[in-house]
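Novice: Contents are mmCIF, C-alpha atoms; file name protein.cif:
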```
data_input
#
loop_
_atom_site.label_atom_id
_atom_site.label_comp_id
_atom_site.auth_asym_id
_atom_site.auth_seq_id
_atom_site.Cartn_x
_atom_site.Cartn_y
_atom_site.Cartn_z
CA MET E 1 112.12 104.92 124.88
CA PRO E 2 111.04 101.32 125.17
CA SER E 3 113.87 98.90 125.06
CA LEU E 4 113.97 95.52 123.44
CA PRO E 5 114.90 92.50 125.51
CA PRO E 6 118.67 91.94 125.43
CA ILE E 7 120.06 89.40 123.01
CA ARG E 8 120.85 86.38 125.12
CA PRO E 9 124.12 84.49 124.66
CA GLU E 10 122.23 81.29 123.89
CA ASP E 11 120.37 83.06 121.08
CA GLU E 12 123.64 84.18 119.57
CA ARG E 13 125.04 80.70 119.80
CA ARG E 14 121.94 79.19 118.24
CA ALA E 15 121.95 81.74 115.45
CA ARG E 16 125.63 80.94 114.75
CA GLU E 17 125.00 77.25 114.70
CA GLY E 18 121.93 77.74 112.58
CA ARG E 19 119.77 75.47 114.61
CA GLY E 20 117.10 75.71 117.21
CA ALA E 21 117.22 74.94 120.89
CA GLY E 22 116.03 71.40 120.25
CA THR E 23 118.87 69.01 120.59
CA PHE E 24 118.24 65.40 120.03
CA ASP E 25 120.92 64.21 122.35
CA ALA E 26 119.44 66.11 125.30
CA PRO E 27 117.86 63.45 127.46
CA ALA E 28 114.36 64.47 128.42
CA ALA E 29 114.77 63.14 131.94
CA GLU E 30 117.44 65.71 132.77
CA GLY E 31 115.40 68.74 131.88
CA PRO E 32 112.69 70.10 129.66
CA ASP E 33 111.92 68.20 126.48
CA LEU E 34 113.40 70.82 124.16
CA SER E 35 112.69 68.81 121.02
CA LEU E 36 109.00 68.77 121.89
CA PHE E 37 109.23 72.49 122.69
CA GLU E 38 110.67 73.16 119.23
CA TYR E 39 108.13 70.94 117.55
CA ALA E 40 105.25 72.74 119.24
CA LEU E 41 106.82 76.08 118.21
CA ARG E 42 106.85 74.99 114.57
CA LEU E 43 103.17 74.13 114.71
CA GLY E 44 102.24 77.27 116.63
CA ASP E 45 104.34 79.67 114.56
CA ASP E 46 102.89 78.43 111.25
CA SER E 47 99.41 79.20 112.53
CA LEU E 48 100.32 82.47 114.23
CA ILE E 49 102.11 84.03 111.28
CA LEU E 50 99.50 83.05 108.73
CA GLY E 51 96.75 84.22 111.07
CA GLN E 52 98.47 87.60 111.35
CA ARG E 53 98.89 87.82 107.58
CA LEU E 54 95.20 87.09 106.97
CA GLY E 55 94.24 89.65 109.61
CA GLU E 56 95.80 92.29 107.35
CA TRP E 57 92.90 91.76 104.96
CA THR E 58 90.24 92.71 107.50
CA GLY E 59 88.26 95.60 106.05
CA HIS E 60 90.07 95.38 102.69
CA ALA E 61 88.76 92.17 101.13
CA PRO E 62 86.99 92.24 97.73
CA SER E 63 83.56 91.59 99.28
CA VAL E 64 82.04 91.40 102.73
CA GLU E 65 81.70 87.60 102.46
CA VAL E 66 85.39 87.26 101.65
CA ASP E 67 86.25 89.67 104.45
CA LEU E 68 84.34 87.42 106.86
CA SER E 69 85.98 84.30 105.50
CA LEU E 70 89.51 85.61 105.85
CA ALA E 71 88.88 86.96 109.35
CA ASN E 72 87.33 83.64 110.38
CA ILE E 73 90.25 81.64 109.03
CA ALA E 74 92.63 84.01 110.80
CA LEU E 75 90.71 83.45 114.03
CA ASP E 76 90.95 79.68 113.69
CA LEU E 77 94.68 79.93 113.06
CA VAL E 78 95.31 82.25 116.00
CA GLY E 79 93.29 79.82 118.13
CA GLN E 80 95.56 76.96 117.06
CA ALA E 81 98.61 79.11 117.75
CA THR E 82 97.35 79.92 121.25
CA HIS E 83 97.08 76.23 122.09
CA PHE E 84 100.42 75.22 120.58
CA LEU E 85 102.42 78.15 121.95
CA ASN E 86 100.96 77.91 125.44
CA TYR E 87 101.88 74.25 125.33
CA ALA E 88 105.39 75.01 124.06
CA GLY E 89 105.85 77.39 126.97
CA LYS E 90 104.69 74.77 129.42
CA VAL E 91 107.05 72.15 127.97
CA GLU E 92 109.94 74.59 128.04
CA GLY E 93 109.26 75.31 131.70
CA ARG E 94 110.84 78.77 131.81
CA GLY E 95 107.62 80.56 132.64
CA ARG E 96 106.90 81.81 129.13
CA ASP E 97 103.30 81.54 127.99
CA GLY E 98 101.86 81.80 124.49
CA ASP E 99 101.79 85.59 124.58
CA ALA E 100 105.42 85.80 125.68
CA LEU E 101 106.43 83.48 122.83
CA ALA E 102 104.34 85.36 120.28
CA PHE E 103 105.33 88.89 121.24
CA HIS E 104 108.80 88.63 122.76
CA ARG E 105 110.77 86.60 120.29
CA ASP E 106 112.65 87.96 117.30
CA VAL E 107 112.92 86.71 113.75
CA LEU E 108 115.70 84.22 114.48
CA ASP E 109 113.56 82.48 117.09
CA PHE E 110 110.53 81.93 114.87
CA ARG E 111 110.10 78.41 113.52
CA ASN E 112 107.37 78.85 110.93
CA CYS E 113 107.75 77.75 107.34
CA MET E 114 108.50 80.58 104.92
CA LEU E 115 105.31 80.08 102.93
CA VAL E 116 103.12 81.59 105.66
CA GLU E 117 105.18 84.79 106.03
CA GLN E 118 104.98 85.67 102.33
CA PRO E 119 103.15 88.93 101.65
CA ASN E 120 99.46 88.91 100.83
CA GLY E 121 99.98 90.51 97.41
CA ASP E 122 96.63 90.60 95.65
CA PHE E 123 93.72 88.38 96.59
CA ALA E 124 94.84 85.67 94.14
CA GLN E 125 98.29 85.52 95.72
CA THR E 126 96.69 85.23 99.16
CA MET E 127 94.50 82.37 97.96
CA ALA E 128 97.47 80.62 96.33
CA ARG E 129 99.29 80.73 99.66
CA GLN E 130 96.22 79.59 101.58
CA PHE E 131 95.52 76.70 99.25
CA LEU E 132 99.10 75.43 99.29
CA PHE E 133 99.29 75.75 103.07
CA SER E 134 95.84 74.48 104.09
CA THR E 135 96.13 71.43 101.84
CA TRP E 136 99.35 70.57 103.66
CA GLN E 137 98.07 71.48 107.12
CA ARG E 138 94.96 69.36 106.70
CA MET E 139 97.09 66.30 105.88
CA LEU E 140 99.47 67.08 108.71
CA PHE E 141 96.68 67.47 111.27
CA GLN E 142 94.99 64.27 110.10
CA HIS E 143 98.22 62.48 110.99
CA LEU E 144 98.69 64.41 114.21
CA THR E 145 95.32 63.20 115.52
CA GLY E 146 97.26 59.96 116.15
CA SER E 147 100.28 61.71 117.69
CA ALA E 148 102.01 60.04 120.62
CA ASP E 149 101.73 63.42 122.31
CA ALA E 150 98.19 63.52 123.72
CA PHE E 151 97.93 67.32 123.76
CA ILE E 152 99.07 67.78 120.17
CA ALA E 153 96.66 65.01 119.16
CA SER E 154 93.74 66.73 120.91
CA VAL E 155 94.41 70.11 119.25
CA ALA E 156 94.78 68.44 115.86
CA ALA E 157 91.53 66.51 116.27
CA LYS E 158 89.74 69.74 117.08
CA ALA E 159 91.37 71.87 114.41
CA VAL E 160 91.34 69.43 111.49
CA LYS E 161 87.63 70.03 110.92
CA GLU E 162 88.24 73.77 110.72
CA VAL E 163 91.24 73.37 108.43
CA SER E 164 89.09 71.33 106.05
CA TYR E 165 86.96 74.45 105.62
CA HIS E 166 90.05 76.55 104.90
CA GLN E 167 91.26 74.05 102.34
CA GLU E 168 87.91 73.80 100.57
CA LEU E 169 87.34 77.55 100.47
CA SER E 170 90.81 78.31 99.09
CA ALA E 171 90.58 75.47 96.53
CA GLU E 172 87.27 76.91 95.33
CA TRP E 173 88.86 80.33 94.85
CA VAL E 174 91.86 78.90 93.00
CA ILE E 175 89.41 77.26 90.61
CA ARG E 176 87.14 80.28 90.32
CA LEU E 177 89.96 82.71 89.61
CA GLY E 178 91.97 80.31 87.46
CA ASP E 179 88.99 79.38 85.33
CA GLY E 180 87.69 82.96 85.35
CA THR E 181 88.57 86.01 83.30
CA GLU E 182 91.85 86.56 81.55
CA GLU E 183 92.93 88.90 84.34
CA SER E 184 91.89 86.68 87.25
CA ARG E 185 93.65 83.77 85.60
CA ARG E 186 96.85 85.76 85.12
CA ARG E 187 96.79 86.88 88.75
CA MET E 188 96.15 83.37 90.04
CA GLN E 189 98.99 81.99 87.94
CA ASN E 190 101.31 84.73 89.24
CA GLY E 191 100.28 83.98 92.80
CA LEU E 192 101.17 80.33 92.37
CA GLU E 193 104.50 81.27 90.76
CA TRP E 194 105.36 83.33 93.85
CA MET E 195 104.44 80.66 96.39
CA TRP E 196 105.58 77.52 94.59
CA ARG E 197 109.23 77.60 95.71
CA PHE E 198 108.15 77.36 99.35
CA ILE E 199 106.46 73.97 98.97
CA PRO E 200 109.55 71.76 99.49
CA GLU E 201 110.11 73.26 102.94
CA LEU E 202 106.72 71.89 104.05
CA PHE E 203 108.03 68.37 103.57
CA GLU E 204 111.58 68.89 104.83
CA MET E 205 112.71 66.20 107.26
CA ASP E 206 115.51 67.81 109.23
CA ASP E 207 116.87 66.36 112.48
CA LEU E 208 114.02 67.67 114.59
CA ALA E 209 111.26 66.45 112.25
CA SER E 210 113.00 63.06 112.05
CA GLU E 211 113.19 62.80 115.80
CA ALA E 212 109.53 63.76 116.14
CA ALA E 213 108.69 61.02 113.63
CA SER E 214 110.78 58.41 115.42
CA ARG E 215 109.03 59.27 118.69
CA GLY E 216 105.63 59.06 117.05
CA VAL E 217 104.93 62.73 117.81
CA GLY E 218 104.76 63.82 114.16
CA PRO E 219 104.50 62.10 110.80
CA ASP E 220 107.26 61.38 108.31
CA LEU E 221 106.42 64.35 106.09
CA THR E 222 107.95 62.82 103.00
CA LEU E 223 105.16 60.22 103.05
CA LEU E 224 102.55 62.99 102.62
CA ARG E 225 104.13 64.44 99.50
CA ALA E 226 102.57 62.19 96.85
CA ASP E 227 99.08 62.73 98.20
CA TYR E 228 99.72 66.48 98.41
CA ASP E 229 100.95 66.67 94.83
CA ARG E 230 97.91 64.74 93.61
CA THR E 231 95.47 67.01 95.47
CA VAL E 232 97.14 70.19 94.22
CA ALA E 233 97.37 68.89 90.66
CA ALA E 234 93.67 67.98 90.59
CA VAL E 235 92.63 71.49 91.67
CA LEU E 236 95.01 73.17 89.21
CA THR E 237 93.62 71.04 86.38
CA GLU E 238 90.09 72.03 87.27
CA ALA E 239 91.25 75.64 87.45
CA THR E 240 92.82 75.30 83.96
CA LEU E 241 96.08 76.52 85.49
CA GLU E 242 99.57 75.24 84.86
CA ALA E 243 101.67 73.93 87.70
CA PRO E 244 104.68 76.25 87.94
CA LYS E 245 108.05 74.73 87.15
CA ASP E 246 109.85 73.44 90.20
CA GLN E 247 112.20 76.11 91.41
CA ARG E 248 115.20 76.05 93.68
CA PRO E 249 113.73 75.04 97.06
CA ILE E 250 114.10 77.62 99.79
CA LEU E 251 114.68 76.14 103.22
CA GLY E 252 115.64 77.46 106.62
CA GLY E 253 112.50 78.89 108.23
CA ARG E 254 112.28 75.94 110.60
CA ARG E 255 115.71 76.90 111.94
CA GLY E 256 115.11 80.63 112.11
CA HIS E 257 116.39 81.74 108.69
CA HIS E 258 113.52 83.73 107.28
CA SER E 259 112.73 85.96 104.34
CA GLU E 260 112.81 89.72 104.90
CA HIS E 261 109.02 89.76 105.16
CA LEU E 262 108.82 88.19 108.61
CA GLY E 263 110.62 91.07 110.33
CA HIS E 264 108.14 93.59 108.96
CA LEU E 265 105.24 91.42 110.03
CA LEU E 266 106.62 91.11 113.56
CA CYS E 267 107.12 94.89 113.78
CA THR E 268 103.39 95.35 113.37
CA MET E 269 102.29 92.35 115.40
CA GLN E 270 104.61 92.96 118.35
CA PHE E 271 104.52 96.74 118.47
CA LEU E 272 101.92 97.20 121.19
CA PRO E 273 103.04 94.64 123.77
CA ARG E 274 106.67 95.67 123.30
CA THR E 275 106.03 99.38 123.53
CA TYR E 276 103.59 99.12 126.40
CA PRO E 277 104.67 96.01 128.33
CA ASP E 278 101.89 94.41 130.34
CA ALA E 279 99.27 96.58 128.69
CA THR E 280 95.76 95.28 129.27
CA TRP E 281 92.38 96.31 127.93
CA MET G 282 71.43 56.11 150.47
CA VAL G 283 70.48 59.48 151.83
CA ALA G 284 73.97 60.78 151.17
CA ALA G 285 73.84 59.51 147.59
CA ALA G 286 70.45 61.13 147.04
CA MET G 287 71.73 64.41 148.44
CA ARG G 288 74.72 64.31 146.16
CA GLU G 289 72.42 63.79 143.23
CA THR G 290 70.23 66.72 144.23
CA GLU G 291 73.31 68.85 144.67
CA THR G 292 74.56 67.91 141.19
CA SER G 293 71.23 68.68 139.56
CA ARG G 294 71.24 72.04 141.36
CA LEU G 295 74.68 72.65 139.88
CA TRP G 296 73.36 71.82 136.41
CA SER G 297 70.42 74.17 136.84
CA VAL G 298 72.84 76.99 137.72
CA LEU G 299 74.79 76.26 134.54
CA GLU G 300 71.56 76.27 132.53
CA THR G 301 71.15 79.95 133.40
CA VAL G 302 74.43 80.85 131.67
CA PRO G 303 73.68 82.00 128.10
CA ASP G 304 76.08 81.64 125.20
CA PRO G 305 77.50 85.17 124.79
CA GLU G 306 77.11 85.12 120.98
CA ILE G 307 73.74 83.35 120.85
CA PRO G 308 72.04 84.31 124.10
CA ALA G 309 68.90 82.33 123.25
CA VAL G 310 70.71 79.10 124.15
CA SER G 311 72.57 78.18 127.31
CA VAL G 312 76.04 76.70 127.55
CA VAL G 313 74.34 73.44 128.60
CA ASP G 314 72.10 73.47 125.48
CA LEU G 315 75.20 73.82 123.30
CA GLY G 316 76.97 70.88 124.93
CA ILE G 317 79.81 73.10 126.13
CA VAL G 318 79.50 71.76 129.69
CA ARG G 319 81.04 68.30 129.59
CA GLU G 320 80.80 67.51 133.25
CA ALA G 321 79.28 69.01 136.38
CA ASP G 322 80.11 67.13 139.51
CA ALA G 323 79.03 68.56 142.84
CA ALA G 324 80.83 65.88 144.86
CA GLY G 325 84.09 66.33 142.94
CA ARG G 326 83.58 70.12 143.14
CA ARG G 327 84.33 70.64 139.46
CA VAL G 328 82.81 71.74 136.20
CA VAL G 329 84.47 70.81 132.91
CA LEU G 330 83.97 72.96 129.80
CA THR G 331 85.05 72.37 126.22
CA PRO G 332 85.56 75.07 123.58
CA THR G 333 83.42 74.87 120.44
CA TYR G 334 85.88 76.25 117.90
CA THR G 335 89.65 76.48 118.34
CA GLY G 336 89.68 80.22 117.82
CA CYS G 337 86.28 81.08 119.25
CA PRO G 338 86.73 84.39 121.08
CA ALA G 339 83.74 83.55 123.28
CA THR G 340 85.64 80.74 125.02
CA LEU G 341 87.20 83.00 127.63
CA VAL G 342 83.96 84.95 128.11
CA ILE G 343 82.09 81.69 128.69
CA GLU G 344 84.58 80.60 131.33
CA THR G 345 84.23 83.95 133.07
CA MET G 346 80.44 83.83 132.94
CA VAL G 347 80.32 80.27 134.29
CA ARG G 348 82.69 81.28 137.07
CA ALA G 349 80.51 84.25 137.97
CA ALA G 350 77.30 82.18 137.95
CA LEU G 351 78.88 79.54 140.20
CA ASP G 352 80.16 82.16 142.65
CA LYS G 353 76.78 83.83 142.79
CA ALA G 354 75.08 80.50 143.56
CA GLY G 355 77.51 79.79 146.38
CA TYR G 356 79.80 77.42 144.51
CA GLU G 357 82.99 79.41 145.02
CA ASP G 358 84.94 76.22 145.69
CA VAL G 359 83.86 74.47 142.48
CA THR G 360 86.71 74.63 139.97
CA VAL G 361 86.18 75.34 136.28
CA GLU G 362 88.38 73.26 134.01
CA THR G 363 88.73 73.12 130.24
CA THR G 364 89.33 70.05 128.14
CA LEU G 365 89.94 69.70 124.40
CA ALA G 366 89.47 65.96 124.03
CA PRO G 367 87.27 64.54 122.78
CA PRO G 368 86.67 67.51 120.48
CA TRP G 369 83.32 69.26 120.75
CA SER G 370 80.87 68.45 118.00
CA THR G 371 77.48 69.85 117.04
CA ASP G 372 76.10 66.40 117.88
CA TRP G 373 76.33 67.51 121.50
CA ILE G 374 73.78 70.26 121.05
CA THR G 375 70.70 69.05 122.94
CA GLU G 376 67.23 68.68 121.41
CA GLU G 377 66.21 71.62 123.56
CA GLY G 378 69.14 73.59 122.18
CA ARG G 379 68.18 72.78 118.57
CA ARG G 380 64.61 73.88 119.24
CA LYS G 381 65.77 77.17 120.79
CA LEU G 382 68.16 77.87 117.90
CA LEU G 383 65.35 77.40 115.40
CA ALA G 384 62.99 79.64 117.37
CA TYR G 385 65.77 82.28 117.49
CA GLY G 386 66.05 82.20 113.68
CA ILE G 387 69.17 80.09 113.34
CA ALA G 388 68.89 76.85 111.39
CA PRO G 389 70.27 74.08 113.64
CA PRO G 390 73.10 71.91 112.26
CA THR G 391 71.81 69.39 109.74
CA PRO G 392 71.73 65.84 111.10
CA ALA G 393 73.71 63.17 109.24
CA GLY G 394 71.81 62.01 106.18
CA GLN G 395 69.73 65.18 105.87
CA ARG G 396 70.69 66.98 102.69
CA SER G 397 68.51 70.05 102.77
CA VAL G 398 68.84 73.06 104.99
CA TYR G 399 65.42 74.36 105.97
CA CYS G 400 64.66 78.04 106.29
CA PRO G 401 64.01 78.90 109.95
CA GLN G 402 61.48 81.56 108.87
CA CYS G 403 59.21 79.68 106.46
CA GLY G 404 60.44 76.09 106.59
CA SER G 405 61.25 75.90 102.88
CA GLY G 406 64.01 73.56 101.72
CA GLU G 407 64.76 75.82 98.71
CA THR G 408 67.81 77.42 100.27
CA GLU G 409 71.33 78.30 99.19
CA GLU G 410 74.65 79.10 100.83
CA ILE G 411 75.80 82.72 100.52
CA SER G 412 78.95 82.47 102.59
CA ARG G 413 80.49 79.52 104.31
CA PHE G 414 81.84 81.81 107.00
CA GLY G 415 79.39 83.93 108.91
CA SER G 416 79.20 86.40 111.77
CA THR G 417 80.75 83.93 114.25
CA PRO G 418 83.01 80.89 113.73
CA CYS G 419 80.08 78.51 114.26
CA LYS G 420 77.75 79.96 111.64
CA ALA G 421 77.42 80.11 107.86
CA LEU G 422 75.26 82.58 105.95
CA TRP G 423 72.35 81.19 103.91
CA ARG G 424 69.38 82.56 101.99
CA CYS G 425 65.89 81.19 101.41
CA GLY G 426 64.74 80.97 97.81
CA ASP G 427 61.07 81.11 98.77
CA CYS G 428 60.76 83.86 101.36
CA ALA G 429 64.05 85.54 100.25
CA GLU G 430 65.16 85.96 103.87
CA PRO G 431 68.85 85.54 104.67
CA PHE G 432 69.54 83.40 107.74
CA ASP G 433 72.33 81.87 109.78
CA LEU G 434 73.01 78.15 109.71
CA PHE G 435 74.77 76.62 112.69
CA LYS G 436 77.53 74.73 110.88
CA CYS G 437 77.71 70.99 111.31
CA HIS G 438 81.03 70.43 113.01
#
```
Could you take the file, read its structure, and then write that structure out as structure tokens?
Specialist:
Amino acid sequence: MPSLPPIRPEDERRAREGRGAGTFDAPAAEGPDLSLFEYALRLGDDSLILGQRLGEWTGHAPSVEVDLSLANIALDLVGQATHFLNYAGKVEGRGRDGDALAFHRDVLDFRNCMLVEQPNGDFAQTMARQFLFSTWQRMLFQHLTGSADAFIASVAAKAVKEVSYHQELSAEWVIRLGDGTEESRRRMQNGLEWMWRFIPELFEMDDLASEAASRGVGPDLTLLRADYDRTVAAVLTEATLEAPKDQRPILGGRRGHHSEHLGHLLCTMQFLPRTYPDATW
Amino acid sequence: MVAAAMRETETSRLWSVLETVPDPEIPAVSVVDLGIVREADAAGRRVVLTPTYTGCPATLVIETMVRAALDKAGYEDVTVETTLAPPWSTDWITEEGRRKLLAYGIAPPTPAGQRSVYCPQCGSGETEEISRFGSTPCKALWRCGDCAEPFDLFKCH
């Protein structure tokens, strides 16, 4: 029977303390830049988990064009994840590459926002998630093109053009379904209701995000919020949909506290490399 | 002078080797036509490639194919490097590349300022987008209103 990697003492400690490996008082000169490692993980995990979610649609989408779209977006996201996670592994300096980080970490070690791990639901729910995420990611990447970290800036500059496509496509579907039939409208509204409570986490400035901002690696996310709200509101108006009421914000994904859905996703995603270590094809 | 001239000849020989490497998804054009080769320097013994799309699955295949072509031509000691910055853009597709794409039935990316997409079969500008995402990350699916043929458009990127 294949065995899972042992739980390491540092994982247990981190889980207890409810925070990631990134400590802001750890001087970079004395070892790996763990804050940068954590920051790259956040970026990479967002893309990886959403890419995996969208991959679940392959062969099941409402039409062949939509099937192609979702698979293409998934591919872009997995491409981003490959860059960010390989980089995280390099920064960490413990010999882990992107694959090791993707396939050999458990739920507590993932740093993605909770929005991206939410289940696909129906097509409207998937598009609600995509629209809320891609609108945010496009703004984030626009800022990251000026990151003080040259590698993160170069990935963002490359990916921002692709993310613009994701944002436009999902916005079009929100409008089409919202301003469509009674049923498509109801489904779109329900999809938004499900995803809405995960928006505040996108703009959360915890210690790590604040440090990244002070170092010029990442933006002050709170400054993106007004623009985000305006963009979302404009699309919802065109879609004749109502913005859901603000709900209790759900936070914690960035520090490894996830919804139950992530574990199930990882079971599928990690099954092969964990069951057959070093498998190649 | 002679040394400089020899270096130049050597570098153009290196380029002509690279011109024989087709894009794995669109074999009608070479990796040089697509602007994927950023640098080929015989003196510095290196070739620098840049990926087209972040998630393009052909990236690794292209690297492998370039490596194989270099080895076959006796350039085993030339290294193949990859760079992300500045990001690849369809502006780097050469004129030759655009011509080959068109002949292959793929509408080349529309230059800035050009609004219409022209059908690669009949040349009509009466065309419409069917799907913004196509069979590969770099292409969108279009249809001609005049000859009714569907066709791929190389997305402006």
Novice: Given the file above and the PyMOL selection byres ((chain G) within 10 of (chain E)), which residues are selected, and can you give them as a PyMOL selection string?
Specialist: chain G and resi 332-338+364-370+411-419+421-422+437-438
Novice: If we count all atoms listed in the file, what is near Ile307 (chain G) at a cut-off of 9 Å, once residues fewer than 4 positions away on the same chain are taken out, given as a short mmCIF file (atom, residue, chain, number, x, y, z; two decimals) with C-alpha atoms, in the coordinates of the input?
Specialist:
```
data_model
loop_
_atom_site.label_atom_id
_atom_site.label_comp_id
_atom_site.auth_asym_id
_atom_site.auth_seq_id
_atom_site.Cartn_x
_atom_site.Cartn_y
_atom_site.Cartn_z
CA PRO G 303 73.68 82.00 128.10
CA SER G 311 72.57 78.18 127.31
CA LEU G 382 68.16 77.87 117.90
CA TYR G 385 65.77 82.28 117.49
#
```
Novice: Any chance you could resolve the PyMOL selection byres ((chain E and resi 143) around 12) against this file and give the residues as a list in words?
Specialist: Trp136, Gln137, Arg138, Met139, Leu140, Phe141, Gln142, Leu144, Thr145, Gly146, Ser147, Ala148, Asp149, Ile152, Ala153, Ser154, Val155, Ala156, Ala157, Val160, Ala213, Gly216, Val217, Gly218, Pro219, Asp220, Leu221, Leu223 and Leu224 of chain E
Novice: Selected by the PyMOL selection byres ((chain G and resi 327) around 9) in the shown coordinates: which residues, as a list in words?
Specialist: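 Output from the PyMOL selection byres ((chain G and resi 327) around 9), applied to this file: Glu320, Ala321, Asp322, Ala323, Ala324, Gly325, Arg326, Val328, Val329, Asp358, Val359, Thr360, Val361 and Glu362 of chain G.
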Novice: Report, in Å to a single decimal, how far apart CA of Ile49 (chain E) and CA of Gln189 (chain E) are.
Specialist: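 Calculated distance between CA of Gln189 (chain E) and CA of Ile49 (chain E) is 23.6 Å.
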Novice: Which residues are close to Leu262 (chain E), i.e. within 8 Å by all atoms listed in the file, leaving aside same-chain residues fewer than 4 positions away? Reply as an NGL selection string.
Specialist: :E and (107 or 117-118 or 258 or 266)
Novice: Using all atoms listed in the file for the distances, tell me which of E:Phe271, E:Phe37, E:Phe198, E:Trp281 is nearest to Arg96 (chain E).
Specialist: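 For Arg96 (chain E), the nearest of the candidates is E:Phe37.
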Novice: Could you please determine the separation between CA of Leu315 (chain G) and CA of Glu409 (chain G) in Å, to one decimal place?
Specialist: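 Separation of CA of Leu315 (chain G) and CA of Glu409 (chain G): 24.8 Å.
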Novice: List the neighbours of Ser170 (chain E) out to 8 Å using only C-alpha atoms; skip same-chain residues closer than 4 positions along the sequence, and give me the result as a PyMOL selection string.
Specialist: chain E and resi 127-128+130-131+166+174
Novice: Residues at most 12 Å from Ala393 (chain G), counting all atoms listed in the file, excluding those fewer than 3 positions away in the same chain, as a list in words?
Specialist: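 Within the cut-off, the hits are Thr371, Asp372, Pro390, Arg396, Ser397, Val398, Cys437 and His438 of chain G.
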Novice: May I ask for the distance between CA of Ala279 (chain E) and CA of Asp99 (chain E), given in Å to one decimal place?
Specialist: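 Interatomic distance, CA of Ala279 (chain E) to CA of Asp99 (chain E): 12.0 Å.
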Novice: With all atoms listed in the file as the atoms that count, which of E:Cys113, E:Leu101, E:Ala212, E:Leu108 lies nearest to Gly256 (chain E)?
Specialist: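 Residue with the minimum atom-to-atom distance to Gly256 (chain E): E:Leu108.
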Novice: Given all atoms listed in the file as the basis, pick out the residue of G:Ala354, G:Cys425, G:Val310, G:Lys436 nearest to Glu291 (chain G).
Specialist: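 Nearest candidate to Glu291 (chain G) out of G:Ala354, G:Cys425, G:Val310, G:Lys436: G:Ala354.
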Novice: Any idea what's packed within 7 Å of Arg111 (chain E), counting only C-alpha atoms, ignoring anything in its chain fewer than 2 positions away? Could you give it as a list in words?
Specialist: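 Using only C-alpha atoms, the neighbours found are Leu41, Arg42, Asp45, Asp109, Cys113, Gly253, Arg254, Arg255 and Gly256 of chain E.
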Novice: Rebuild N, CA and C atoms on region 408-420 of chain G, as a JSON list (two decimals), in the frame of the given file?
Specialist:
```
[["chain", "number", "residue", "atom", "x", "y", "z"],
["G", 408, "THR", "N", 66.88, 76.47, 99.67],
["G", 408, "THR", "CA", 67.81, 77.42, 100.27],
["G", 408, "THR", "C", 69.18, 77.31, 99.62],
["G", 409, "GLU", "N", 69.98, 78.36, 99.75],
["G", 409, "GLU", "CA", 71.33, 78.30, 99.19],
["G", 409, "GLU", "C", 72.33, 78.99, 100.11],
["G", 410, "GLU", "N", 73.58, 78.52, 100.02],
["G", 410, "GLU", "CA", 74.65, 79.10, 100.83],
["G", 410, "GLU", "C", 75.13, 80.41, 100.20],
["G", 411, "ILE", "N", 75.23, 81.45, 101.01],
["G", 411, "ILE", "CA", 75.80, 82.72, 100.52],
["G", 411, "ILE", "C", 77.27, 82.78, 100.89],
["G", 412, "SER", "N", 77.57, 82.44, 102.13],
["G", 412, "SER", "CA", 78.95, 82.47, 102.59],
["G", 412, "SER", "C", 79.17, 81.38, 103.62],
["G", 413, "ARG", "N", 80.22, 80.63, 103.41],
["G", 413, "ARG", "CA", 80.49, 79.52, 104.31],
["G", 413, "ARG", "C", 80.95, 80.00, 105.68],
["G", 414, "PHE", "N", 81.44, 81.23, 105.72],
["G", 414, "PHE", "CA", 81.84, 81.81, 107.00],
["G", 414, "PHE", "C", 80.88, 82.93, 107.32],
["G", 415, "GLY", "N", 80.39, 82.94, 108.55],
["G", 415, "GLY", "CA", 79.39, 83.93, 108.91],
["G", 415, "GLY", "C", 79.86, 84.88, 110.00],
["G", 416, "SER", "N", 78.90, 85.36, 110.78],
["G", 416, "SER", "CA", 79.20, 86.40, 111.77],
["G", 416, "SER", "C", 79.97, 85.86, 112.97],
["G", 417, "THR", "N", 79.94, 84.56, 113.20],
["G", 417, "THR", "CA", 80.75, 83.93, 114.25],
["G", 417, "THR", "C", 81.34, 82.65, 113.66],
["G", 418, "PRO", "N", 82.38, 82.09, 114.32],
["G", 418, "PRO", "CA", 83.01, 80.89, 113.73],
["G", 418, "PRO", "C", 82.03, 79.73, 113.53],
["G", 419, "CYS", "N", 80.96, 79.69, 114.33],
["G", 419, "CYS", "CA", 80.08, 78.51, 114.26],
["G", 419, "CYS", "C", 78.97, 78.64, 113.23],
["G", 420, "LYS", "N", 78.89, 79.77, 112.54],
["G", 420, "LYS", "CA", 77.75, 79.96, 111.64],
["G", 420, "LYS", "C", 78.15, 80.22, 110.20]]
```
